[in-house]
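Engineer: Next up, start22.csv (CSV, C-alpha atoms).
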chain,number,residue,atom,x,y,z
Q,1,MET,CA,-20.4,43.4,27.5
Q,2,TRP,CA,-21.2,40.7,30.0
Q,3,THR,CA,-21.0,37.0,30.4
Q,4,PHE,CA,-23.0,35.6,33.4
Q,5,GLY,CA,-21.8,32.3,34.6
Q,6,LEU,CA,-24.2,30.3,36.8
Q,7,CYS,CA,-23.0,27.3,38.7
Q,8,PHE,CA,-26.0,25.1,39.5
Q,9,ILE,CA,-26.9,21.9,41.1
Q,10,ASN,CA,-30.7,22.3,41.2
Q,11,ASP,CA,-32.9,24.0,38.7
Q,12,GLU,CA,-35.3,25.6,41.2
Q,13,TYR,CA,-34.2,29.2,40.8
Q,14,LEU,CA,-32.6,29.2,37.4
Q,15,GLU,CA,-35.5,30.6,35.4
Q,16,PRO,CA,-36.1,33.6,37.8
Q,17,ILE,CA,-32.3,34.2,37.7
Q,18,ILE,CA,-32.3,34.1,33.9
Q,19,LYS,CA,-35.2,36.5,33.8
Q,20,SER,CA,-33.5,38.9,36.2
Q,21,ILE,CA,-30.5,39.0,33.8
Q,22,LYS,CA,-32.2,39.2,30.4
Q,23,ASN,CA,-34.7,41.9,31.6
Q,24,GLN,CA,-31.9,44.3,32.7
Q,25,ASP,CA,-32.2,47.8,31.2
Q,26,GLY,CA,-29.2,48.6,29.2
Q,27,LEU,CA,-28.2,45.0,28.5
Q,28,ASP,CA,-27.4,44.3,24.9
Q,29,THR,CA,-28.9,40.8,24.6
Q,30,ASP,CA,-27.2,40.2,21.3
Q,31,LEU,CA,-23.8,40.4,22.9
Q,32,ALA,CA,-24.4,39.3,26.5
Q,33,GLU,CA,-24.5,35.6,27.3
Q,34,ILE,CA,-25.4,33.3,30.1
Q,35,ILE,CA,-23.4,30.2,30.7
Q,36,LEU,CA,-25.1,27.5,32.8
Q,37,ILE,CA,-22.9,24.8,34.2
Q,38,GLY,CA,-24.2,21.8,36.1
Q,39,PRO,CA,-25.5,18.3,35.8
Q,40,SER,CA,-27.6,17.0,32.9
Q,41,ASN,CA,-31.1,18.2,33.5
Q,42,PRO,CA,-34.1,18.2,31.0
Q,43,VAL,CA,-35.6,21.3,32.8
Q,44,VAL,CA,-32.4,23.2,32.1
Q,45,SER,CA,-32.3,22.0,28.5
Q,46,SER,CA,-35.9,23.3,28.1
Q,47,LEU,CA,-34.9,26.7,29.5
Q,48,VAL,CA,-32.1,27.0,27.0
Q,49,LYS,CA,-34.6,26.4,24.2
Q,50,LYS,CA,-37.2,28.7,25.7
Q,51,TYR,CA,-35.0,31.7,26.0
Q,52,LYS,CA,-32.6,31.1,23.1
Q,53,ASP,CA,-34.2,33.9,21.0
Q,54,GLU,CA,-34.0,36.4,23.9
Q,55,ILE,CA,-30.4,36.0,25.1
Q,56,ASN,CA,-27.4,33.9,24.3
Q,57,LEU,CA,-27.5,30.8,26.5
Q,58,LYS,CA,-24.8,28.1,26.7
Q,59,TYR,CA,-25.2,24.9,28.7
Q,60,ILE,CA,-22.2,23.1,29.8
Q,61,VAL,CA,-23.1,19.6,31.2
Q,62,PHE,CA,-20.9,18.9,34.1
Q,63,GLU,CA,-20.6,15.4,35.6
Q,64,GLU,CA,-21.0,16.1,39.3
Q,65,THR,CA,-20.1,12.5,40.4
Q,66,ILE,CA,-16.5,12.7,39.2
Q,67,ARG,CA,-15.6,14.9,42.2
Q,68,PRO,CA,-18.5,16.2,44.3
Q,69,GLY,CA,-18.4,20.0,45.0
Q,70,TRP,CA,-15.9,20.7,42.2
Q,71,VAL,CA,-16.9,24.4,41.9
Q,72,THR,CA,-13.3,25.5,41.1
Q,73,LEU,CA,-13.3,23.6,37.8
Q,74,LYS,CA,-16.8,24.8,37.0
Q,75,LYS,CA,-15.7,28.4,37.5
Q,76,ASN,CA,-12.6,28.0,35.4
Q,77,LEU,CA,-14.7,26.5,32.6
Q,78,ILE,CA,-17.0,29.5,32.7
Q,79,VAL,CA,-14.0,31.8,32.3
Q,80,GLN,CA,-12.5,29.7,29.5
Q,81,ASN,CA,-15.8,29.6,27.6
Q,82,ALA,CA,-16.8,33.2,28.1
Q,83,SER,CA,-17.1,35.3,25.0
Q,84,ASN,CA,-16.9,38.6,26.9
Q,85,GLU,CA,-14.2,40.3,29.0
Q,86,ASN,CA,-16.6,41.2,31.8
Q,87,ILE,CA,-17.7,38.0,33.7
Q,88,CYS,CA,-20.1,37.7,36.6
Q,89,ILE,CA,-19.7,34.3,38.4
Q,90,THR,CA,-22.5,33.3,40.7
Q,91,HIS,CA,-24.3,30.3,42.2
Q,92,ASP,CA,-27.8,29.2,41.6
Q,93,TYR,CA,-29.6,31.2,44.3
Q,94,VAL,CA,-28.5,34.8,43.5
Q,95,GLY,CA,-30.8,37.1,41.6
Q,96,PHE,CA,-30.0,40.4,39.9
Q,97,CYS,CA,-31.8,43.5,41.1
Q,98,SER,CA,-33.2,46.0,38.5
Q,99,GLY,CA,-30.6,48.5,37.5
Q,100,TRP,CA,-27.6,46.1,37.8
Q,101,VAL,CA,-26.3,46.7,34.3
Q,102,LEU,CA,-27.0,50.5,34.4
Q,103,GLY,CA,-25.1,50.5,37.7
Q,104,TYR,CA,-22.0,49.2,36.0
Q,105,GLU,CA,-22.4,51.8,33.2
Q,106,LYS,CA,-22.4,54.4,35.9
Q,107,PHE,CA,-19.5,52.9,38.0
Q,108,GLY,CA,-17.3,52.0,35.1
Q,109,TYR,CA,-15.0,49.1,34.2
Q,110,ASP,CA,-11.6,50.0,35.7
Q,111,TRP,CA,-11.1,46.9,37.8
Q,112,ASP,CA,-9.7,43.4,37.7
Q,113,VAL,CA,-12.2,42.0,40.2
Q,114,CYS,CA,-15.3,43.8,41.4
Q,115,MET,CA,-17.9,43.3,44.2
Q,116,ASN,CA,-21.4,44.6,44.6
Q,117,PRO,CA,-23.7,44.8,47.6
Q,118,VAL,CA,-25.1,41.3,48.2
Q,119,ARG,CA,-28.4,41.4,50.2
Q,120,LEU,CA,-30.4,38.7,51.9
Q,121,ASN,CA,-34.1,38.6,51.3
Q,122,ASP,CA,-34.7,40.6,54.5
Q,123,GLY,CA,-32.2,43.4,53.3
Q,124,ARG,CA,-29.3,42.4,55.5
Q,125,ARG,CA,-25.8,42.4,54.0
Q,126,HIS,CA,-24.4,39.0,53.0
Q,127,ARG,CA,-20.7,38.4,52.6
Q,128,ASP,CA,-19.8,41.1,50.1
Q,129,TRP,CA,-17.2,43.7,51.0
Q,130,PHE,CA,-15.3,42.3,54.0
Q,131,THR,CA,-11.8,41.4,55.3
Q,132,GLN,CA,-10.3,37.9,55.6
Q,133,SER,CA,-9.5,38.5,59.3
Q,134,ARG,CA,-11.0,36.4,62.1
Q,135,PRO,CA,-13.7,37.2,62.8
Q,136,LEU,CA,-14.7,38.4,59.3
Q,137,GLN,CA,-15.4,42.1,59.3
Q,138,PHE,CA,-17.7,44.0,57.0
Q,139,VAL,CA,-16.1,47.1,55.5
Q,140,ASP,CA,-18.0,50.3,54.7
Q,141,TYR,CA,-18.7,50.4,51.0
Q,142,ALA,CA,-16.9,53.7,50.6
Q,143,ASP,CA,-13.7,52.3,52.1
Q,144,GLY,CA,-11.3,51.1,49.4
Q,145,THR,CA,-8.2,51.0,51.7
Q,146,LYS,CA,-8.4,47.3,52.8
Q,147,THR,CA,-8.5,45.4,49.5
Q,148,LYS,CA,-5.2,43.6,50.2
Q,149,GLN,CA,-6.8,42.0,53.3
Q,150,MET,CA,-10.1,41.1,51.7
Q,151,TYR,CA,-11.8,37.8,51.0
Q,152,ILE,CA,-14.3,37.1,48.2
Q,153,ASN,CA,-17.0,34.6,49.0
Q,154,GLY,CA,-17.3,32.1,46.2
Q,155,THR,CA,-21.1,32.7,45.9
Q,156,TYR,CA,-20.7,35.8,43.7
Q,157,TRP,CA,-18.2,38.2,42.1
Q,158,CYS,CA,-17.3,39.9,38.9
Q,159,GLY,CA,-13.9,39.7,37.2
Q,160,LYS,CA,-12.1,40.4,33.9
Q,161,LYS,CA,-11.6,37.3,31.7
Q,162,GLN,CA,-7.9,37.9,31.2
Q,163,TYR,CA,-7.2,38.5,34.9
Q,164,MET,CA,-9.0,35.3,35.8
Q,165,LEU,CA,-7.3,33.3,33.1
Q,166,ARG,CA,-4.0,34.4,34.6
Q,167,ASN,CA,-5.3,33.7,38.1
Q,168,PRO,CA,-7.5,30.6,37.9
Q,169,GLN,CA,-9.3,28.9,40.7
Q,170,ASN,CA,-7.3,26.1,42.2
Q,171,ASN,CA,-8.7,22.9,40.7
Q,172,ASN,CA,-7.2,20.8,43.5
Q,173,LEU,CA,-9.7,22.3,45.9
Q,174,THR,CA,-13.5,21.7,46.1
Q,175,TRP,CA,-16.4,23.4,47.8
Q,176,GLY,CA,-15.8,23.5,51.6
Q,177,MET,CA,-12.0,23.3,51.3
Q,178,GLY,CA,-11.6,27.1,51.5
Q,179,GLU,CA,-11.2,27.4,47.8
Q,180,ASP,CA,-12.5,31.0,47.8
Q,181,CYS,CA,-10.1,32.0,50.6
Q,182,GLU,CA,-7.2,30.5,48.8
Q,183,TRP,CA,-8.0,32.3,45.6
Q,184,ALA,CA,-8.5,35.7,47.3
Q,185,HIS,CA,-5.3,35.3,49.3
Q,186,ARG,CA,-3.4,34.5,46.1
Q,187,CYS,CA,-4.8,37.5,44.2
Q,188,GLN,CA,-4.8,40.1,47.0
Q,189,GLN,CA,-1.4,41.6,46.1
Q,190,THR,CA,-2.0,41.9,42.4
Q,191,TRP,CA,-5.7,42.7,41.9
Q,192,ASN,CA,-7.4,46.0,41.3
Q,193,TYR,CA,-10.4,45.2,43.5
Q,194,LYS,CA,-13.2,47.6,43.8
Q,195,LEU,CA,-16.8,47.8,45.1
Q,196,ASN,CA,-19.5,49.0,42.8
Q,197,PRO,CA,-22.3,50.2,45.1
Q,198,TYR,CA,-24.8,50.8,42.2
Q,199,SER,CA,-25.4,47.2,41.2
Q,200,VAL,CA,-27.1,45.0,43.8
Q,201,VAL,CA,-27.8,41.3,43.9
Take the structure in this file and express it as structure tokens.

Structural biologist:
Amino acid sequence: MWTFGLCFINDEYLEPIIKSIKNQDGLDTDLAEIILIGPSNPVVSSLVKKYKDEINLKYIVFEETIRPGWVTLKKNLIVQNASNENICITHDYVGFCSGWVLGYEKFGYDWDVCMNPVRLNDGRRHRDWFTQSRPLQFVDYADGTKTKQMYINGTYWCGKKQYMLRNPQNNNLTWGMGEDCEWAHRCQQTWNYKLNPYSVV
């Protein structure tokens, strides 16, 4: 089952994201959970109360002023507090398309790290399945031969709890310091990295 970890600063899109998760066909809401991590916010506290009977919600209050942009620690805390082995880590502006959970049931769970098609609102691909070369190059979704050269954008990915505990984000880095590049480069030689085309965000 799934843990969905949402790193947020603003509450603007949190409720639509929560709805896009809890309304997924095939999701066992008794076992799934959503972890919200971000600053103290009464709106977020009210969302936790509002949806507590529909899906498990955890709210980790994170003091943003200690070190601005400290997304690496946020993501490590999500992994450490996750109750489930399958974890989806995302930022506060990514919604889950219908069929996301069923897409994973179809694709399977034989991976350490997994990517999905990431679409902009106009349907164009965002940074999903692509190499770490300069310039960045999108790879065909059916091509699994370049995973040792690939980069994962910090906006969104899925991973196994045990793999991410062994390969944590680098807490010495913050947003804008290439923290996602560093993590991908460190994991490239060991990960079983796959693209699931059936689950879209």

Engineer: In terms of the shortest atom-to-atom distance over only C-alpha atoms, which of Q:Asn56, Q:Ile78, Q:Leu195, Q:Ala32 is closest to Asp140 of chain Q?

Structural biologist: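 So, comparing all the options, the nearest one is Q:Leu195.
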
Engineer: Excluding same-chain residues fewer than 6 positions from Asp110 of chain Q, what lies within 12 Å of it counting only C-alpha atoms, as a PDB file with C-alpha atoms, keeping the file's coordinate frame?

Structural biologist:
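Writing the result to out_16.pdb gives the following:
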ATOM      1  CA  ASN Q  86     -16.600  41.200  31.800  1.00  0.00           C
ATOM      2  CA  TYR Q 104     -22.000  49.200  36.000  1.00  0.00           C
ATOM      3  CA  GLY Q 159     -13.900  39.700  37.200  1.00  0.00           C
ATOM      4  CA  LYS Q 160     -12.100  40.400  33.900  1.00  0.00           C
ATOM      5  CA  TRP Q 191      -5.700  42.700  41.900  1.00  0.00           C
ATOM      6  CA  ASN Q 192      -7.400  46.000  41.300  1.00  0.00           C
ATOM      7  CA  TYR Q 193     -10.400  45.200  43.500  1.00  0.00           C
ATOM      8  CA  LYS Q 194     -13.200  47.600  43.800  1.00  0.00           C
ATOM      9  CA  LEU Q 195     -16.800  47.800  45.100  1.00  0.00           C
ATOM     10  CA  ASN Q 196     -19.500  49.000  42.800  1.00  0.00           C
TER      11      ASN Q 196
END

Engineer: Given the choices Q:Leu47, Q:Gly38, Q:Val79, Q:Lys52, which gets closest to Leu165 of chain Q if the distance is worked out from only C-alpha atoms?

Structural biologist: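 With only C-alpha atoms as the atom set, the closest residue is Q:Val79.
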
Engineer: Closest to Cys88 of chain Q among Q:Lys75, Q:Arg134, Q:His185, Q:Arg127, using only C-alpha atoms?

Structural biologist: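 Nearest candidate to Cys88 of chain Q out of Q:Lys75, Q:Arg134, Q:His185, Q:Arg127: Q:Lys75.
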
Engineer: Go through Q:Asn153, Q:Asn76, Q:Ser40, Q:Thr147 and flag the residue nearest Ile60 of chain Q, using only C-alpha atoms for the distances.

Structural biologist: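 The shortest atom-to-atom distance to Ile60 of chain Q comes from Q:Ser40.
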
Engineer: Give me the residues within 6 Å of Thr90 of chain Q as a PyMOL selection string, counting only C-alpha atoms and dropping any in the same chain fewer than 5 places off.

Structural biologist: chain Q and resi 6+155-156

Engineer: Rounded to one decimal in Å, what is the spacing between atom CA of Lys106 of chain Q and atom CA of Gly26 of chain Q?

Structural biologist: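 Computing the Euclidean distance for atom CA of Lys106 of chain Q and atom CA of Gly26 of chain Q yields 11.2 Å.
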
Engineer: Can you complete the atoms of segment 7-32 of chain Q to N, CA and C atoms and list them as a PDB file, keeping the file's coordinate frame?

Structural biologist:
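Done, and the output landed in selection_37.pdb:
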ATOM      1  N   CYS Q   7     -23.260  28.633  38.225  1.00  0.00           N
ATOM      2  CA  CYS Q   7     -23.000  27.300  38.700  1.00  0.00           C
ATOM      3  C   CYS Q   7     -24.221  26.730  39.378  1.00  0.00           C
ATOM      4  N   PHE Q   8     -24.749  25.626  38.884  1.00  0.00           N
ATOM      5  CA  PHE Q   8     -26.000  25.100  39.500  1.00  0.00           C
ATOM      6  C   PHE Q   8     -25.863  23.637  39.825  1.00  0.00           C
ATOM      7  N   ILE Q   9     -26.661  23.255  40.793  1.00  0.00           N
ATOM      8  CA  ILE Q   9     -26.900  21.900  41.100  1.00  0.00           C
ATOM      9  C   ILE Q   9     -28.409  21.582  40.827  1.00  0.00           C
ATOM     10  N   ASN Q  10     -29.263  22.458  41.385  1.00  0.00           N
ATOM     11  CA  ASN Q  10     -30.700  22.300  41.200  1.00  0.00           C
ATOM     12  C   ASN Q  10     -31.219  23.371  40.225  1.00  0.00           C
ATOM     13  N   ASP Q  11     -32.376  23.095  39.650  1.00  0.00           N
ATOM     14  CA  ASP Q  11     -32.900  24.000  38.700  1.00  0.00           C
ATOM     15  C   ASP Q  11     -33.981  24.964  39.273  1.00  0.00           C
ATOM     16  N   GLU Q  12     -34.199  24.906  40.590  1.00  0.00           N
ATOM     17  CA  GLU Q  12     -35.300  25.600  41.200  1.00  0.00           C
ATOM     18  C   GLU Q  12     -35.377  27.087  40.911  1.00  0.00           C
ATOM     19  N   TYR Q  13     -34.228  27.763  40.967  1.00  0.00           N
ATOM     20  CA  TYR Q  13     -34.200  29.200  40.800  1.00  0.00           C
ATOM     21  C   TYR Q  13     -33.656  29.684  39.472  1.00  0.00           C
ATOM     22  N   LEU Q  14     -33.328  28.755  38.592  1.00  0.00           N
ATOM     23  CA  LEU Q  14     -32.600  29.200  37.400  1.00  0.00           C
ATOM     24  C   LEU Q  14     -33.466  30.069  36.484  1.00  0.00           C
ATOM     25  N   GLU Q  15     -34.734  29.753  36.316  1.00  0.00           N
ATOM     26  CA  GLU Q  15     -35.500  30.600  35.400  1.00  0.00           C
ATOM     27  C   GLU Q  15     -35.702  32.018  35.986  1.00  0.00           C
ATOM     28  N   PRO Q  16     -36.011  32.204  37.277  1.00  0.00           N
ATOM     29  CA  PRO Q  16     -36.100  33.600  37.800  1.00  0.00           C
ATOM     30  C   PRO Q  16     -34.717  34.314  37.656  1.00  0.00           C
ATOM     31  N   ILE Q  17     -33.597  33.597  37.812  1.00  0.00           N
ATOM     32  CA  ILE Q  17     -32.300  34.200  37.700  1.00  0.00           C
ATOM     33  C   ILE Q  17     -32.094  34.663  36.203  1.00  0.00           C
ATOM     34  N   ILE Q  18     -32.410  33.774  35.273  1.00  0.00           N
ATOM     35  CA  ILE Q  18     -32.300  34.100  33.900  1.00  0.00           C
ATOM     36  C   ILE Q  18     -33.127  35.350  33.533  1.00  0.00           C
ATOM     37  N   LYS Q  19     -34.353  35.380  34.031  1.00  0.00           N
ATOM     38  CA  LYS Q  19     -35.200  36.500  33.800  1.00  0.00           C
ATOM     39  C   LYS Q  19     -34.633  37.809  34.388  1.00  0.00           C
ATOM     40  N   SER Q  20     -34.043  37.685  35.580  1.00  0.00           N
ATOM     41  CA  SER Q  20     -33.500  38.900  36.200  1.00  0.00           C
ATOM     42  C   SER Q  20     -32.294  39.426  35.479  1.00  0.00           C
ATOM     43  N   ILE Q  21     -31.652  38.591  34.666  1.00  0.00           N
ATOM     44  CA  ILE Q  21     -30.500  39.000  33.800  1.00  0.00           C
ATOM     45  C   ILE Q  21     -31.048  39.602  32.510  1.00  0.00           C
ATOM     46  N   LYS Q  22     -31.850  38.842  31.794  1.00  0.00           N
ATOM     47  CA  LYS Q  22     -32.200  39.200  30.400  1.00  0.00           C
ATOM     48  C   LYS Q  22     -33.124  40.467  30.409  1.00  0.00           C
ATOM     49  N   ASN Q  23     -33.799  40.748  31.519  1.00  0.00           N
ATOM     50  CA  ASN Q  23     -34.700  41.900  31.600  1.00  0.00           C
ATOM     51  C   ASN Q  23     -33.998  43.172  32.071  1.00  0.00           C
ATOM     52  N   GLN Q  24     -32.685  43.135  32.220  1.00  0.00           N
ATOM     53  CA  GLN Q  24     -31.900  44.300  32.700  1.00  0.00           C
ATOM     54  C   GLN Q  24     -31.996  45.429  31.655  1.00  0.00           C
ATOM     55  N   ASP Q  25     -32.358  46.627  32.100  1.00  0.00           N
ATOM     56  CA  ASP Q  25     -32.200  47.800  31.200  1.00  0.00           C
ATOM     57  C   ASP Q  25     -30.775  48.012  30.890  1.00  0.00           C
ATOM     58  N   GLY Q  26     -30.519  48.342  29.638  1.00  0.00           N
ATOM     59  CA  GLY Q  26     -29.200  48.600  29.200  1.00  0.00           C
ATOM     60  C   GLY Q  26     -28.362  47.419  28.770  1.00  0.00           C
ATOM     61  N   LEU Q  27     -28.938  46.221  28.874  1.00  0.00           N
ATOM     62  CA  LEU Q  27     -28.200  45.000  28.500  1.00  0.00           C
ATOM     63  C   LEU Q  27     -28.413  44.754  26.989  1.00  0.00           C
ATOM     64  N   ASP Q  28     -27.314  44.634  26.271  1.00  0.00           N
ATOM     65  CA  ASP Q  28     -27.400  44.300  24.900  1.00  0.00           C
ATOM     66  C   ASP Q  28     -27.457  42.756  24.776  1.00  0.00           C
ATOM     67  N   THR Q  29     -28.656  42.239  24.592  1.00  0.00           N
ATOM     68  CA  THR Q  29     -28.900  40.800  24.600  1.00  0.00           C
ATOM     69  C   THR Q  29     -28.266  40.087  23.413  1.00  0.00           C
ATOM     70  N   ASP Q  30     -27.884  40.843  22.390  1.00  0.00           N
ATOM     71  CA  ASP Q  30     -27.200  40.200  21.300  1.00  0.00           C
ATOM     72  C   ASP Q  30     -25.750  39.882  21.592  1.00  0.00           C
ATOM     73  N   LEU Q  31     -25.164  40.636  22.523  1.00  0.00           N
ATOM     74  CA  LEU Q  31     -23.800  40.400  22.900  1.00  0.00           C
ATOM     75  C   LEU Q  31     -23.582  39.742  24.232  1.00  0.00           C
ATOM     76  N   ALA Q  32     -24.505  39.972  25.142  1.00  0.00           N
ATOM     77  CA  ALA Q  32     -24.400  39.300  26.500  1.00  0.00           C
ATOM     78  C   ALA Q  32     -24.685  37.837  26.326  1.00  0.00           C
TER      79      ALA Q  32
END
